Amino acid sequence: MLAGEAVCIPENPERIIALDMASVELTLLTDKTLLATSGWILSELPLLHPPFAPALTTVEDVGYPANLEQVALLKPDLILAVGDTSVGATSMPSRRARSRRSCSPTR
């Protein structure tokens with residue numbers, strides 16, 4: 001996706017890749033399927049919040065920065081990340097600068 005393009009978020013994403021700690025925590029708290037995250041999060045989060053440990057046992061490590069080929073193979077519904085999650089990250093335009101449009105399902 002290019003900066004400035006409209007962003008369509010699935011209404012009820014089930015297969016999620018989260019590439020930062022806060023997104024991982026939010027995904028787990030909403031009982032969605034966390035497919036993958038960075039290895040350092042898989043190591044640190046169970047120490048910081050032990051109740052999350054069981055939910056992380058089946059989560060894949062996509063590296064840091066994330067291996068985009070591995071991410072694509074997992075076919076996520078949604079990828080959550082904050083700025084500077086990967087090499088060459090660019091800042092996104094403000095929410096007001098992004099156009100709003102309805103999204104049609106891709107599946």
# chains A, B, ... in the order shown; residues from 1 in each chain; ligands from 1
call {"tool": "select_by_dssp", "arguments": {"residues": "range 3-58 of chain A", "states": "alpha helix (DSSP H)", "output": "VMD selection string"}}
result
chain A and resid 21 to 29 39 to 48 53 to 56
call {"tool": "residues_around", "arguments": {"residues": "Ser38 in chain A", "least_positions_apart": "2", "cutoff": "10 Å", "atoms": "only C-alpha atoms", "output": "MDAnalysis selection string"}}
result
chainID A and resid 17:21 24 36 40:43 59:67 85
call {"tool": "write_last_selection", "arguments": {"atoms": "N, CA and C atoms", "output": "short mmCIF file (atom, residue, chain, number, x, y, z; two decimals), in the first residue's frame"}}
result
data_model
loop_
_atom_site.label_atom_id
_atom_site.label_comp_id
_atom_site.auth_asym_id
_atom_site.auth_seq_id
_atom_site.Cartn_x
_atom_site.Cartn_y
_atom_site.Cartn_z
N ILE A 17 -1.91 -10.59 12.14
CA ILE A 17 -0.48 -10.51 12.44
C ILE A 17 -0.28 -9.16 13.10
N ALA A 18 0.31 -9.17 14.29
CA ALA A 18 0.55 -7.95 15.04
C ALA A 18 2.05 -7.80 15.26
N LEU A 19 2.59 -6.66 14.86
CA LEU A 19 4.04 -6.49 14.87
C LEU A 19 4.57 -5.55 15.94
N ASP A 20 3.72 -5.20 16.90
CA ASP A 20 4.18 -4.41 18.04
C ASP A 20 3.46 -4.92 19.28
N MET A 21 4.02 -4.64 20.44
CA MET A 21 3.52 -5.19 21.70
C MET A 21 2.06 -4.81 21.97
N VAL A 24 -0.34 -6.77 19.77
CA VAL A 24 -0.43 -8.16 20.20
C VAL A 24 -1.37 -8.27 21.39
N ALA A 36 0.90 -14.40 13.95
CA ALA A 36 2.35 -14.21 14.05
C ALA A 36 2.67 -12.85 14.64
N TRP A 40 10.91 -11.28 19.54
CA TRP A 40 11.19 -10.63 20.82
C TRP A 40 9.91 -10.46 21.63
N ILE A 41 8.78 -10.25 20.96
CA ILE A 41 7.50 -10.13 21.67
C ILE A 41 7.11 -11.48 22.25
N LEU A 42 7.33 -12.55 21.47
CA LEU A 42 7.01 -13.89 21.96
C LEU A 42 7.84 -14.25 23.19
N SER A 43 9.04 -13.69 23.29
CA SER A 43 9.90 -13.94 24.45
C SER A 43 9.54 -13.08 25.65
N VAL A 59 1.76 -19.13 18.12
CA VAL A 59 2.01 -17.95 17.31
C VAL A 59 3.39 -18.06 16.65
N GLU A 60 3.44 -17.78 15.35
CA GLU A 60 4.70 -17.86 14.60
C GLU A 60 5.55 -16.60 14.79
N ASP A 61 6.84 -16.79 14.69
CA ASP A 61 7.80 -15.69 14.73
C ASP A 61 8.11 -15.29 13.29
N VAL A 62 7.76 -14.06 12.91
CA VAL A 62 8.05 -13.59 11.55
C VAL A 62 9.28 -12.69 11.52
N GLY A 63 9.98 -12.63 12.63
CA GLY A 63 11.22 -11.86 12.67
C GLY A 63 11.02 -10.38 12.93
N TYR A 64 12.15 -9.71 13.09
CA TYR A 64 12.15 -8.26 13.25
C TYR A 64 13.35 -7.70 12.52
N PRO A 65 13.14 -6.90 11.49
CA PRO A 65 11.85 -6.56 10.90
C PRO A 65 11.17 -7.79 10.31
N ALA A 66 9.89 -7.70 10.15
CA ALA A 66 9.10 -8.85 9.69
C ALA A 66 9.54 -9.31 8.31
N ASN A 67 9.62 -10.62 8.13
CA ASN A 67 9.91 -11.23 6.84
C ASN A 67 8.62 -11.18 6.02
N THR A 85 8.14 -0.15 12.22
CA THR A 85 8.14 -1.56 12.55
C THR A 85 9.09 -2.32 11.65
#
call {"tool": "select_by_dssp", "arguments": {"residues": "range 39-93 of chain A", "states": "strand (DSSP E or B)", "output": "list in words"}}
result
Glu60, Asp61, Leu78, Ile79 and Leu80 of chain A
call {"tool": "write_last_selection", "arguments": {"atoms": "N, CA and C atoms", "output": "short mmCIF file (atom, residue, chain, number, x, y, z; two decimals), in the first residue's frame"}}
result
data_model
loop_
_atom_site.label_atom_id
_atom_site.label_comp_id
_atom_site.auth_asym_id
_atom_site.auth_seq_id
_atom_site.Cartn_x
_atom_site.Cartn_y
_atom_site.Cartn_z
N GLU A 60 3.44 -17.78 15.35
CA GLU A 60 4.70 -17.86 14.60
C GLU A 60 5.55 -16.60 14.79
N ASP A 61 6.84 -16.79 14.69
CA ASP A 61 7.80 -15.69 14.73
C ASP A 61 8.11 -15.29 13.29
N LEU A 78 -5.63 -9.14 8.56
CA LEU A 78 -5.23 -7.82 9.03
C LEU A 78 -3.81 -7.89 9.57
N ILE A 79 -3.02 -6.87 9.26
CA ILE A 79 -1.67 -6.73 9.81
C ILE A 79 -1.66 -5.44 10.61
N LEU A 80 -1.32 -5.53 11.88
CA LEU A 80 -1.26 -4.36 12.76
C LEU A 80 0.20 -4.03 13.05
#
call {"tool": "closest_residue", "arguments": {"among": "A:Pro76, A:Pro51, A:Gly39, A:Pro46", "to": "Ile9 in chain A", "atoms": "only C-alpha atoms"}}
result
A:Pro76
call {"tool": "atom_distance", "arguments": {"atom1": "CA of Thr57 in chain A", "atom2": "CA of Leu28 in chain A"}}
result
12.3 Å
call {"tool": "atom_distance", "arguments": {"atom1": "CA of Leu26 in chain A", "atom2": "CA of Glu5 in chain A"}}
result
25.1 Å
call {"tool": "closest_residue", "arguments": {"among": "A:Pro50, A:Glu14, A:Thr58, A:Leu68", "to": "Thr30 in chain A", "atoms": "only C-alpha atoms"}}
result
A:Glu14
call {"tool": "closest_residue", "arguments": {"among": "A:Glu69, A:Glu25, A:Val82, A:Asp77", "to": "Asn12 in chain A", "atoms": "only C-alpha atoms"}}
result
A:Asp77
call {"tool": "closest_residue", "arguments": {"among": "A:Leu34, A:Val71, A:Ala81, A:Leu29", "to": "Arg15 in chain A", "atoms": "only C-alpha atoms"}}
result
A:Leu34
